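Asks: Before we start, here is the structure in question, set down as structure tokens.
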Amino acid sequence: MANSERTFIVIKPDGVQRNLVGEIIKCFEQKGFRLIAMKLIQASEDLLKEHYIDLKHRPFFAGLEKYMQSGPVVAMVWEGPNVTNPVDSKPGTIHGDFSIQVGRNIIHGSDSVESAEKEIGLWFQPEELVDYKNWVYE
Ligand code: GTP
Ligand code: MG
């Protein structure tokens, strides 16, 4: 597929608690993106420290870790043209539609192809990324 990219998406604990998992998945499906991997997990402290390594000296870091461990998250990999571009992809809209606080903002999406590759490697084992063909009718 032309310009096909993969992005790492995580529905944060507030997204799960607010029953927005289906709504968020629906946005990606409707846009035509392809689901490559998905799991519901309780994120470990080590994983979050690595994921948010650039923010470790920020004053809100401890609160961010606590928030991200306050319940399970849904980690996903989606594929499609320009899927990491926040202008074209749905995460920006999801923030706008469902969230009013930066500290409780429902979803994370990778901001570049490079960060997506890093984050996918962090959150998923290679065998969890499923390789399959698309078909609709027999
Ligand atoms: P992500 O897609 O989550 O990476 O969002 P971002 O790139 O817009 O934000 P950034 O990487 O700077 O921060 C990562 C996460 O830290 C955000 O999504 C918020 O959950 C949290 N965060 C960032 N800034 C603040 C802040 O000022 N206060 C609080 N409480 N949380 C913050
Ligand atoms: Mg970020």
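Labeling convention for the structure tokens: chains A, B, ... as they appear, residues from 1 per chain, ligands from 1 in order of appearance.
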Residues of chain A that approach ligand 1 to 12 Å or less, counting only C-alpha atoms and all ligand atoms: could you list each one with the shortest pair of atoms and its distance in Å to one decimal, rows by chain and increasing residue number, as CSV?

Replies:
residue,atom,partner,partner_atom_place_in_ligand_line,distance
A:Thr7,CA,ligand 1,2 (O),11.2
A:Phe8,CA,ligand 1,2 (O),9.8
A:Ile9,CA,ligand 1,2 (O),8.5
A:Val10,CA,ligand 1,3 (O),8.7
A:Ile11,CA,ligand 1,3 (O),9.9
A:Lys12,CA,ligand 1,20 (O),8.5
A:Pro13,CA,ligand 1,20 (O),10.6
A:Asp14,CA,ligand 1,20 (O),10.5
A:Gly15,CA,ligand 1,20 (O),11.8
A:Leu48,CA,ligand 1,15 (C),10.8
A:Lys49,CA,ligand 1,14 (C),11.8
A:His51,CA,ligand 1,4 (O),9.1
A:Tyr52,CA,ligand 1,14 (C),7.0
A:Ile53,CA,ligand 1,11 (O),9.8
A:Asp54,CA,ligand 1,11 (O),7.9
A:Leu55,CA,ligand 1,13 (O),7.1
A:Lys56,CA,ligand 1,16 (O),10.1
A:His57,CA,ligand 1,24 (N),11.8
A:Arg58,CA,ligand 1,24 (N),8.4
A:Pro59,CA,ligand 1,28 (N),8.0
A:Phe60,CA,ligand 1,29 (C),5.2
A:Phe61,CA,ligand 1,31 (N),7.4
A:Ala62,CA,ligand 1,30 (N),9.1
A:Gly63,CA,ligand 1,30 (N),6.4
A:Leu64,CA,ligand 1,31 (N),5.8
A:Glu65,CA,ligand 1,16 (O),8.9
A:Lys66,CA,ligand 1,30 (N),10.3
A:Tyr67,CA,ligand 1,20 (O),8.2
A:Met68,CA,ligand 1,20 (O),8.2
A:Gln69,CA,ligand 1,20 (O),12.0
A:Thr84,CA,ligand 1,2 (O),10.6
A:Asn85,CA,ligand 1,2 (O),11.7
A:Pro86,CA,ligand 1,2 (O),9.6
A:Lys90,CA,ligand 1,2 (O),12.0
A:Pro91,CA,ligand 1,2 (O),8.4
A:Gly92,CA,ligand 1,2 (O),9.1
A:Ile94,CA,ligand 1,2 (O),11.4
A:His95,CA,ligand 1,18 (O),9.7
A:Ser99,CA,ligand 1,20 (O),10.8
A:Ile100,CA,ligand 1,20 (O),11.6
A:Gln101,CA,ligand 1,30 (N),8.0
A:Val102,CA,ligand 1,19 (C),5.2
A:Gly103,CA,ligand 1,30 (N),3.6
A:Arg104,CA,ligand 1,20 (O),6.0
A:Asn105,CA,ligand 1,20 (O),5.7
A:Ile106,CA,ligand 1,20 (O),8.0
A:Ile107,CA,ligand 1,3 (O),6.7
A:His108,CA,ligand 1,2 (O),3.8
A:Gly109,CA,ligand 1,2 (O),4.8
A:Ser110,CA,ligand 1,2 (O),6.1
A:Asp111,CA,ligand 1,7 (O),6.8
A:Ser112,CA,ligand 1,7 (O),10.3
A:Ser115,CA,ligand 1,4 (O),9.7
A:Ala116,CA,ligand 1,4 (O),10.8
A:Glu119,CA,ligand 1,4 (O),10.6

Asks: Would you give me, as a compact mmCIF listing (two decimals) with all heavy atoms, in the first residue's frame, the residues in chain A that DSSP reads as helix (DSSP H, G or I)?

Replies:
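selection38.txt, freshly written:
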# COMPACT_ATOMS: atom_id res chain seq x y z
N PRO A 13 -6.14 4.10 30.64
CA PRO A 13 -7.11 3.56 31.60
C PRO A 13 -8.45 4.31 31.62
O PRO A 13 -9.50 3.69 31.79
CB PRO A 13 -6.38 3.69 32.93
CG PRO A 13 -4.94 3.57 32.58
CD PRO A 13 -4.80 4.28 31.27
N ASP A 14 -8.42 5.62 31.42
CA ASP A 14 -9.71 6.36 31.45
C ASP A 14 -10.57 6.02 30.23
O ASP A 14 -11.79 5.99 30.33
CB ASP A 14 -9.50 7.87 31.59
CG ASP A 14 -8.53 8.47 30.60
OD1 ASP A 14 -7.69 7.72 30.05
OD2 ASP A 14 -8.57 9.69 30.39
N GLY A 15 -9.93 5.72 29.11
CA GLY A 15 -10.68 5.29 27.92
C GLY A 15 -11.38 3.97 28.16
O GLY A 15 -12.53 3.77 27.76
N VAL A 16 -10.68 3.05 28.85
CA VAL A 16 -11.27 1.74 29.19
C VAL A 16 -12.39 1.93 30.21
O VAL A 16 -13.50 1.42 30.04
CB VAL A 16 -10.19 0.77 29.73
CG1 VAL A 16 -10.81 -0.54 30.17
CG2 VAL A 16 -9.11 0.53 28.67
N GLN A 17 -12.12 2.72 31.26
CA GLN A 17 -13.13 2.94 32.32
C GLN A 17 -14.38 3.63 31.77
O GLN A 17 -15.49 3.37 32.23
CB GLN A 17 -12.55 3.83 33.45
CG GLN A 17 -11.34 3.25 34.17
CD GLN A 17 -11.66 2.05 35.03
OE1 GLN A 17 -12.76 1.94 35.55
NE2 GLN A 17 -10.71 1.14 35.17
N VAL A 21 -13.61 1.98 24.38
CA VAL A 21 -12.76 1.09 23.56
C VAL A 21 -13.39 0.86 22.18
O VAL A 21 -12.74 1.05 21.15
CB VAL A 21 -12.50 -0.24 24.29
CG1 VAL A 21 -11.78 -1.22 23.37
CG2 VAL A 21 -11.68 -0.02 25.56
N GLY A 22 -14.67 0.49 22.17
CA GLY A 22 -15.35 0.20 20.91
C GLY A 22 -15.42 1.42 20.00
O GLY A 22 -15.17 1.35 18.80
N GLU A 23 -15.72 2.55 20.62
CA GLU A 23 -15.83 3.82 19.88
C GLU A 23 -14.50 4.17 19.19
O GLU A 23 -14.49 4.59 18.03
CB GLU A 23 -16.17 4.92 20.90
CG GLU A 23 -16.76 6.17 20.34
CD GLU A 23 -18.20 5.97 19.88
OE1 GLU A 23 -18.98 5.33 20.60
OE2 GLU A 23 -18.49 6.45 18.78
N ILE A 24 -13.42 3.96 19.91
CA ILE A 24 -12.10 4.32 19.38
C ILE A 24 -11.70 3.35 18.26
O ILE A 24 -11.24 3.76 17.20
CB ILE A 24 -11.05 4.37 20.51
CG1 ILE A 24 -11.34 5.58 21.41
CG2 ILE A 24 -9.63 4.42 19.95
CD1 ILE A 24 -10.59 5.61 22.72
N ILE A 25 -11.92 2.06 18.51
CA ILE A 25 -11.61 1.07 17.47
C ILE A 25 -12.43 1.37 16.21
O ILE A 25 -11.94 1.30 15.10
CB ILE A 25 -11.86 -0.36 17.98
CG1 ILE A 25 -10.78 -0.72 19.02
CG2 ILE A 25 -11.86 -1.38 16.84
CD1 ILE A 25 -11.00 -2.03 19.73
N LYS A 26 -13.70 1.74 16.42
CA LYS A 26 -14.59 2.07 15.31
C LYS A 26 -14.01 3.20 14.45
O LYS A 26 -14.09 3.15 13.22
CB LYS A 26 -15.96 2.47 15.87
CG LYS A 26 -17.04 2.62 14.85
CD LYS A 26 -18.36 2.97 15.54
CE LYS A 26 -19.41 3.33 14.53
NZ LYS A 26 -20.60 3.87 15.19
N CYS A 27 -13.45 4.21 15.10
CA CYS A 27 -12.85 5.32 14.35
C CYS A 27 -11.76 4.83 13.40
O CYS A 27 -11.71 5.23 12.24
CB CYS A 27 -12.23 6.35 15.30
SG CYS A 27 -13.40 7.24 16.30
N PHE A 28 -10.89 3.96 13.92
CA PHE A 28 -9.79 3.46 13.09
C PHE A 28 -10.31 2.55 11.98
O PHE A 28 -9.83 2.61 10.84
CB PHE A 28 -8.75 2.73 13.96
CG PHE A 28 -7.88 3.68 14.73
CD1 PHE A 28 -8.27 4.14 15.98
CD2 PHE A 28 -6.69 4.14 14.19
CE1 PHE A 28 -7.48 5.04 16.68
CE2 PHE A 28 -5.89 5.05 14.89
CZ PHE A 28 -6.30 5.49 16.14
N GLU A 29 -11.30 1.72 12.31
CA GLU A 29 -11.87 0.83 11.29
C GLU A 29 -12.56 1.63 10.18
O GLU A 29 -12.38 1.34 9.00
CB GLU A 29 -12.88 -0.14 11.93
CG GLU A 29 -12.22 -1.26 12.70
CD GLU A 29 -13.20 -2.37 13.04
OE1 GLU A 29 -14.40 -2.08 13.25
OE2 GLU A 29 -12.78 -3.52 13.11
N GLN A 30 -13.34 2.62 10.59
CA GLN A 30 -14.07 3.41 9.59
C GLN A 30 -13.15 4.18 8.67
O GLN A 30 -13.44 4.38 7.50
CB GLN A 30 -15.02 4.40 10.30
CG GLN A 30 -16.29 3.73 10.77
CD GLN A 30 -17.25 4.70 11.43
OE1 GLN A 30 -16.87 5.79 11.83
NE2 GLN A 30 -18.49 4.31 11.55
N LYS A 31 -12.02 4.60 9.22
CA LYS A 31 -11.05 5.33 8.41
C LYS A 31 -10.41 4.39 7.38
O LYS A 31 -9.83 4.84 6.40
CB LYS A 31 -9.99 5.91 9.35
CG LYS A 31 -9.11 6.95 8.75
CD LYS A 31 -9.67 8.35 8.88
CE LYS A 31 -8.71 9.34 8.23
NZ LYS A 31 -9.24 10.69 8.20
N GLU A 45 5.44 -0.89 35.57
CA GLU A 45 6.20 0.34 35.82
C GLU A 45 7.40 0.43 34.87
O GLU A 45 7.69 1.50 34.32
CB GLU A 45 6.67 0.33 37.28
CG GLU A 45 7.07 1.69 37.77
CD GLU A 45 7.53 1.66 39.22
OE1 GLU A 45 6.95 0.89 40.02
OE2 GLU A 45 8.48 2.39 39.54
N ASP A 46 8.07 -0.69 34.65
CA ASP A 46 9.24 -0.71 33.76
C ASP A 46 8.86 -0.29 32.34
O ASP A 46 9.56 0.50 31.69
CB ASP A 46 9.87 -2.11 33.70
CG ASP A 46 10.64 -2.43 34.96
OD1 ASP A 46 10.82 -1.51 35.80
OD2 ASP A 46 11.06 -3.59 35.13
N LEU A 47 7.75 -0.84 31.85
CA LEU A 47 7.29 -0.53 30.50
C LEU A 47 6.98 0.96 30.36
O LEU A 47 7.38 1.61 29.40
CB LEU A 47 6.05 -1.38 30.17
CG LEU A 47 5.37 -1.16 28.83
CD1 LEU A 47 6.32 -1.42 27.67
CD2 LEU A 47 4.14 -2.06 28.70
N LEU A 48 6.29 1.50 31.36
CA LEU A 48 5.90 2.92 31.30
C LEU A 48 7.12 3.83 31.42
O LEU A 48 7.19 4.87 30.76
CB LEU A 48 4.88 3.23 32.40
CG LEU A 48 3.53 2.56 32.19
CD1 LEU A 48 2.65 2.71 33.42
CD2 LEU A 48 2.82 3.13 30.96
N LYS A 49 8.08 3.43 32.26
CA LYS A 49 9.31 4.23 32.39
C LYS A 49 10.01 4.33 31.04
O LYS A 49 10.54 5.38 30.67
CB LYS A 49 10.24 3.61 33.44
CG LYS A 49 9.82 3.91 34.85
CD LYS A 49 11.03 3.91 35.79
CE LYS A 49 10.78 4.70 37.06
NZ LYS A 49 9.48 4.51 37.70
N GLU A 50 10.02 3.22 30.32
CA GLU A 50 10.67 3.19 29.01
C GLU A 50 9.84 3.98 27.98
O GLU A 50 10.37 4.77 27.21
CB GLU A 50 10.82 1.72 28.59
CG GLU A 50 11.80 1.45 27.47
CD GLU A 50 13.22 1.92 27.79
OE1 GLU A 50 13.70 1.69 28.93
OE2 GLU A 50 13.82 2.53 26.90
N HIS A 51 8.53 3.76 28.00
CA HIS A 51 7.64 4.44 27.04
C HIS A 51 7.72 5.96 27.20
O HIS A 51 7.71 6.70 26.22
CB HIS A 51 6.20 3.96 27.24
CG HIS A 51 5.21 4.61 26.33
ND1 HIS A 51 5.01 4.21 25.02
CD2 HIS A 51 4.38 5.67 26.52
CE1 HIS A 51 4.10 4.99 24.46
NE2 HIS A 51 3.70 5.88 25.35
N ILE A 53 10.20 7.73 28.60
CA ILE A 53 11.57 8.06 29.03
C ILE A 53 11.90 9.54 28.82
O ILE A 53 12.59 10.15 29.65
CB ILE A 53 12.60 7.12 28.33
CG1 ILE A 53 13.94 7.16 29.05
CG2 ILE A 53 12.74 7.43 26.84
CD1 ILE A 53 14.77 5.91 28.85
N ASP A 54 11.37 10.13 27.77
CA ASP A 54 11.65 11.55 27.48
C ASP A 54 11.00 12.49 28.50
O ASP A 54 11.34 13.67 28.55
CB ASP A 54 11.13 11.94 26.09
CG ASP A 54 11.84 11.18 24.98
OD1 ASP A 54 12.93 10.63 25.25
OD2 ASP A 54 11.30 11.13 23.86
N LEU A 55 10.05 11.99 29.25
CA LEU A 55 9.31 12.85 30.18
C LEU A 55 9.72 12.62 31.64
O LEU A 55 9.11 13.18 32.54
CB LEU A 55 7.80 12.58 30.05
CG LEU A 55 7.19 12.77 28.66
CD1 LEU A 55 5.71 12.36 28.67
CD2 LEU A 55 7.32 14.22 28.21
N PHE A 61 5.44 13.62 35.91
CA PHE A 61 5.79 12.25 35.55
C PHE A 61 5.22 11.20 36.52
O PHE A 61 4.66 10.18 36.09
CB PHE A 61 7.32 12.09 35.42
CG PHE A 61 7.72 10.71 34.98
CD1 PHE A 61 7.54 10.31 33.67
CD2 PHE A 61 8.28 9.81 35.88
CE1 PHE A 61 7.89 9.04 33.25
CE2 PHE A 61 8.63 8.53 35.46
CZ PHE A 61 8.44 8.15 34.15
N ALA A 62 5.35 11.46 37.83
CA ALA A 62 4.87 10.48 38.83
C ALA A 62 3.36 10.29 38.68
O ALA A 62 2.84 9.17 38.70
CB ALA A 62 5.22 10.93 40.24
N GLY A 63 2.66 11.40 38.50
CA GLY A 63 1.21 11.35 38.31
C GLY A 63 0.83 10.62 37.03
O GLY A 63 -0.15 9.87 36.99
N LEU A 64 1.63 10.82 36.00
CA LEU A 64 1.39 10.17 34.71
C LEU A 64 1.53 8.64 34.85
O LEU A 64 0.68 7.88 34.36
CB LEU A 64 2.38 10.71 33.68
CG LEU A 64 2.40 10.08 32.29
CD1 LEU A 64 1.04 10.21 31.60
CD2 LEU A 64 3.49 10.72 31.42
N GLU A 65 2.57 8.21 35.57
CA GLU A 65 2.77 6.77 35.78
C GLU A 65 1.61 6.17 36.57
O GLU A 65 1.13 5.08 36.26
CB GLU A 65 4.06 6.56 36.58
CG GLU A 65 5.27 6.30 35.73
CD GLU A 65 6.41 5.82 36.58
OE1 GLU A 65 6.56 6.30 37.74
OE2 GLU A 65 7.15 4.96 36.10
N LYS A 66 1.19 6.90 37.59
CA LYS A 66 0.09 6.43 38.44
C LYS A 66 -1.20 6.32 37.61
O LYS A 66 -1.93 5.32 37.69
CB LYS A 66 -0.10 7.41 39.61
CG LYS A 66 -0.86 6.84 40.75
CD LYS A 66 -0.71 7.70 42.01
CE LYS A 66 -1.72 7.26 43.03
NZ LYS A 66 -2.44 8.35 43.68
N TYR A 67 -1.45 7.34 36.83
CA TYR A 67 -2.62 7.35 35.93
C TYR A 67 -2.58 6.17 34.97
O TYR A 67 -3.56 5.43 34.82
CB TYR A 67 -2.62 8.69 35.19
CG TYR A 67 -3.39 8.78 33.89
CD1 TYR A 67 -4.73 8.39 33.80
CD2 TYR A 67 -2.78 9.33 32.76
CE1 TYR A 67 -5.42 8.52 32.59
CE2 TYR A 67 -3.47 9.46 31.56
CZ TYR A 67 -4.78 9.04 31.48
OH TYR A 67 -5.47 9.18 30.30
N MET A 68 -1.43 5.93 34.36
CA MET A 68 -1.31 4.87 33.35
C MET A 68 -1.37 3.48 33.97
O MET A 68 -1.56 2.49 33.27
CB MET A 68 -0.02 5.04 32.55
CG MET A 68 -0.05 6.22 31.59
SD MET A 68 -1.33 6.06 30.29
CE MET A 68 -0.64 4.76 29.28
N PRO A 91 -6.68 10.08 16.19
CA PRO A 91 -6.43 10.37 17.59
C PRO A 91 -6.66 11.83 17.98
O PRO A 91 -7.19 12.10 19.04
CB PRO A 91 -4.97 9.98 17.78
CG PRO A 91 -4.75 8.90 16.80
CD PRO A 91 -5.61 9.27 15.61
N GLY A 92 -6.29 12.78 17.11
CA GLY A 92 -6.52 14.19 17.41
C GLY A 92 -7.99 14.47 17.61
O GLY A 92 -8.39 15.19 18.53
N THR A 93 -8.80 13.87 16.78
CA THR A 93 -10.24 14.05 16.89
C THR A 93 -10.77 13.38 18.16
O THR A 93 -11.65 13.91 18.82
CB THR A 93 -10.94 13.43 15.66
OG1 THR A 93 -10.24 13.86 14.51
CG2 THR A 93 -12.38 13.88 15.56
N ILE A 94 -10.20 12.23 18.49
CA ILE A 94 -10.63 11.54 19.70
C ILE A 94 -10.34 12.42 20.92
O ILE A 94 -11.19 12.58 21.79
CB ILE A 94 -9.95 10.15 19.82
CG1 ILE A 94 -10.50 9.22 18.73
CG2 ILE A 94 -10.19 9.55 21.20
CD1 ILE A 94 -9.74 7.93 18.54
N HIS A 95 -9.14 13.02 20.96
CA HIS A 95 -8.85 13.96 22.05
C HIS A 95 -9.91 15.05 22.09
O HIS A 95 -10.48 15.35 23.13
CB HIS A 95 -7.47 14.60 21.87
CG HIS A 95 -6.33 13.73 22.31
ND1 HIS A 95 -5.05 13.86 21.82
CD2 HIS A 95 -6.28 12.72 23.20
CE1 HIS A 95 -4.27 12.97 22.39
NE2 HIS A 95 -4.99 12.25 23.23
N GLY A 96 -10.16 15.65 20.93
CA GLY A 96 -11.11 16.76 20.86
C GLY A 96 -12.52 16.35 21.25
O GLY A 96 -13.22 17.10 21.93
N ASP A 97 -12.90 15.16 20.85
CA ASP A 97 -14.28 14.72 21.07
C ASP A 97 -14.53 14.21 22.50
O ASP A 97 -15.63 14.35 23.02
CB ASP A 97 -14.65 13.58 20.10
CG ASP A 97 -14.86 14.09 18.69
OD1 ASP A 97 -14.87 15.33 18.50
OD2 ASP A 97 -15.02 13.26 17.79
N PHE A 98 -13.51 13.58 23.11
CA PHE A 98 -13.78 12.87 24.36
C PHE A 98 -13.02 13.38 25.58
O PHE A 98 -13.26 12.92 26.68
CB PHE A 98 -13.46 11.38 24.19
CG PHE A 98 -14.31 10.69 23.16
CD1 PHE A 98 -13.75 10.15 22.01
CD2 PHE A 98 -15.68 10.58 23.33
CE1 PHE A 98 -14.53 9.51 21.06
CE2 PHE A 98 -16.47 9.95 22.39
CZ PHE A 98 -15.90 9.42 21.24
N VAL A 113 6.91 7.85 12.36
CA VAL A 113 7.22 6.46 12.02
C VAL A 113 8.30 5.91 12.95
O VAL A 113 8.22 4.77 13.42
CB VAL A 113 7.68 6.36 10.54
CG1 VAL A 113 8.15 4.96 10.20
CG2 VAL A 113 6.55 6.77 9.61
N GLU A 114 9.28 6.76 13.26
CA GLU A 114 10.39 6.33 14.13
C GLU A 114 9.89 6.00 15.53
O GLU A 114 10.24 4.96 16.10
CB GLU A 114 11.47 7.43 14.23
CG GLU A 114 12.21 7.71 12.94
CD GLU A 114 11.34 8.39 11.87
OE1 GLU A 114 10.49 9.23 12.22
OE2 GLU A 114 11.50 8.06 10.67
N SER A 115 9.08 6.88 16.12
CA SER A 115 8.60 6.60 17.47
C SER A 115 7.64 5.41 17.44
O SER A 115 7.59 4.61 18.39
CB SER A 115 7.99 7.82 18.15
OG SER A 115 6.93 8.34 17.42
N ALA A 116 6.89 5.24 16.36
CA ALA A 116 6.00 4.08 16.25
C ALA A 116 6.81 2.78 16.30
O ALA A 116 6.47 1.86 17.03
CB ALA A 116 5.19 4.15 14.97
N GLU A 117 7.90 2.74 15.54
CA GLU A 117 8.71 1.52 15.52
C GLU A 117 9.25 1.20 16.90
O GLU A 117 9.23 0.06 17.35
CB GLU A 117 9.87 1.68 14.53
CG GLU A 117 9.43 1.38 13.11
CD GLU A 117 10.49 1.73 12.07
OE1 GLU A 117 11.65 2.04 12.44
OE2 GLU A 117 10.14 1.69 10.88
N LYS A 118 9.71 2.23 17.58
CA LYS A 118 10.26 2.06 18.93
C LYS A 118 9.17 1.56 19.89
O LYS A 118 9.36 0.62 20.65
CB LYS A 118 10.84 3.39 19.40
CG LYS A 118 11.66 3.29 20.64
CD LYS A 118 12.31 4.65 20.98
CE LYS A 118 12.34 4.83 22.47
NZ LYS A 118 11.64 6.01 22.97
N GLU A 119 8.01 2.21 19.83
CA GLU A 119 6.93 1.88 20.77
C GLU A 119 6.34 0.49 20.49
O GLU A 119 6.03 -0.24 21.43
CB GLU A 119 5.84 2.97 20.70
CG GLU A 119 6.34 4.29 21.27
CD GLU A 119 5.44 5.48 20.98
OE1 GLU A 119 4.38 5.32 20.33
OE2 GLU A 119 5.78 6.59 21.41
N ILE A 120 6.20 0.14 19.22
CA ILE A 120 5.68 -1.19 18.89
C ILE A 120 6.62 -2.26 19.44
O ILE A 120 6.18 -3.24 20.04
CB ILE A 120 5.49 -1.35 17.35
CG1 ILE A 120 4.34 -0.46 16.87
CG2 ILE A 120 5.23 -2.81 16.98
CD1 ILE A 120 4.26 -0.27 15.36
N GLY A 121 7.92 -2.03 19.30
CA GLY A 121 8.92 -2.97 19.82
C GLY A 121 8.89 -3.10 21.33
O GLY A 121 9.20 -4.14 21.90
N LEU A 122 8.50 -2.01 21.96
CA LEU A 122 8.44 -1.98 23.43
C LEU A 122 7.21 -2.73 23.97
O LEU A 122 7.29 -3.45 24.95
CB LEU A 122 8.35 -0.50 23.83
CG LEU A 122 8.84 -0.04 25.17
CD1 LEU A 122 10.29 -0.45 25.36
CD2 LEU A 122 8.72 1.49 25.21
N TRP A 123 6.10 -2.55 23.32
CA TRP A 123 4.82 -3.07 23.83
C TRP A 123 4.44 -4.43 23.26
O TRP A 123 3.61 -5.13 23.84
CB TRP A 123 3.70 -2.07 23.51
CG TRP A 123 3.72 -0.82 24.34
CD1 TRP A 123 4.57 0.25 24.19
CD2 TRP A 123 2.88 -0.48 25.45
NE1 TRP A 123 4.28 1.21 25.12
CE2 TRP A 123 3.25 0.80 25.91
CE3 TRP A 123 1.82 -1.15 26.10
CZ2 TRP A 123 2.62 1.43 26.99
CZ3 TRP A 123 1.18 -0.52 27.16
CH2 TRP A 123 1.59 0.76 27.60
N PRO A 126 7.44 -9.63 18.52
CA PRO A 126 7.27 -9.70 17.05
C PRO A 126 6.15 -10.64 16.63
O PRO A 126 5.40 -10.33 15.69
CB PRO A 126 8.63 -10.22 16.57
CG PRO A 126 9.60 -9.86 17.65
CD PRO A 126 8.84 -9.86 18.94
N GLU A 127 5.98 -11.78 17.32
CA GLU A 127 4.96 -12.76 16.92
C GLU A 127 3.53 -12.29 17.23
O GLU A 127 2.56 -12.89 16.76
CB GLU A 127 5.23 -14.13 17.55
CG GLU A 127 5.17 -14.17 19.06
CD GLU A 127 6.51 -13.86 19.73
OE1 GLU A 127 7.40 -13.26 19.07
OE2 GLU A 127 6.69 -14.24 20.90
N GLU A 128 3.39 -11.22 18.00
CA GLU A 128 2.05 -10.68 18.27
C GLU A 128 1.55 -9.79 17.13
O GLU A 128 0.37 -9.40 17.10
CB GLU A 128 2.07 -9.87 19.57
CG GLU A 128 2.27 -10.72 20.81
CD GLU A 128 2.30 -9.89 22.08
OE1 GLU A 128 3.20 -9.03 22.21
OE2 GLU A 128 1.43 -10.10 22.94

Asks: Using DSSP on the backbone coordinates, identify all residues within segment 78-120 of chain A classified as strand (DSSP E); present the result as a CSV table (one decimal) with N, CA, C and O atoms, in the first residue's frame.

Replies:
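Contents of selection-v4.csv, freshly written:
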chain,number,residue,atom,x,y,z
A,78,TRP,N,-2.0,-0.3,14.4
A,78,TRP,CA,-2.8,-0.1,13.2
A,78,TRP,C,-1.9,0.3,12.0
A,78,TRP,O,-0.9,1.0,12.2
A,79,GLU,N,-2.3,-0.1,10.8
A,79,GLU,CA,-1.6,0.1,9.6
A,79,GLU,C,-2.4,0.9,8.6
A,79,GLU,O,-3.6,0.6,8.4
A,80,GLY,N,-1.8,1.8,7.8
A,80,GLY,CA,-2.4,2.4,6.7
A,80,GLY,C,-1.7,3.6,6.3
A,80,GLY,O,-0.7,4.0,6.9
A,81,PRO,N,-2.1,4.2,5.2
A,81,PRO,CA,-1.4,5.4,4.7
A,81,PRO,C,-1.4,6.5,5.7
A,81,PRO,O,-2.5,6.9,6.2
A,107,ILE,N,-6.2,8.5,25.1
A,107,ILE,CA,-5.5,7.8,24.0
A,107,ILE,C,-4.1,8.3,23.8
A,107,ILE,O,-3.9,9.6,23.9
A,108,HIS,N,-3.2,7.5,23.4
A,108,HIS,CA,-1.9,7.9,22.9
A,108,HIS,C,-1.7,7.3,21.5
A,108,HIS,O,-2.1,6.1,21.2
A,109,GLY,N,-1.2,8.1,20.6
A,109,GLY,CA,-0.8,7.6,19.3
A,109,GLY,C,0.6,8.0,18.9
A,109,GLY,O,0.9,9.2,19.2

Asks: In Å, with one decimal, what is the gap from atom CA of Arg6 of chain A to atom CA of Leu20 of chain A?

Replies: 21.9 Å

Asks: So which residues touch Lys133 of chain A within 12 Å, counting only C-alpha atoms, skipping near sequence neighbours fewer than 3 positions away, as a list of chain:residue names?

Replies: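 Near neighbours after the sequence-gap exclusion: A:Arg34, A:Leu35, A:Ile36, A:Val130, A:Val136.
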
Asks: Which polymer residues have any atom within 9 Å of an atom of Lys39 of chain A, counting only C-alpha atoms, with same-chain residues fewer than 3 positions away left out, as number ranges by chain?

Replies: A: 73-76

Asks: Write the residues you've just listed into a file as a tab-separated table (two decimals), in the first residue's frame, and include N, CA, C and O atoms for each of them.

Replies:
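Once written, result_11.tsv looks like this:
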chain	number	residue	atom	x	y	z
A	73	VAL	N	-4.99	-1.10	30.04
A	73	VAL	CA	-4.98	-0.29	28.81
A	73	VAL	C	-5.14	-1.24	27.62
A	73	VAL	O	-4.88	-2.44	27.74
A	74	VAL	N	-5.59	-0.70	26.51
A	74	VAL	CA	-5.69	-1.50	25.28
A	74	VAL	C	-4.60	-1.02	24.32
A	74	VAL	O	-4.63	0.12	23.85
A	75	ALA	N	-3.63	-1.90	24.10
A	75	ALA	CA	-2.51	-1.58	23.21
A	75	ALA	C	-2.80	-2.15	21.83
A	75	ALA	O	-3.27	-3.29	21.72
A	76	MET	N	-2.57	-1.35	20.80
A	76	MET	CA	-2.90	-1.78	19.43
A	76	MET	C	-1.85	-1.31	18.44
A	76	MET	O	-1.17	-0.30	18.68

Asks: By how many Å are atom CA of Ala43 of chain A and atom CA of Leu129 of chain A apart?

Replies: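 Those two atoms sit 18.3 Å apart.
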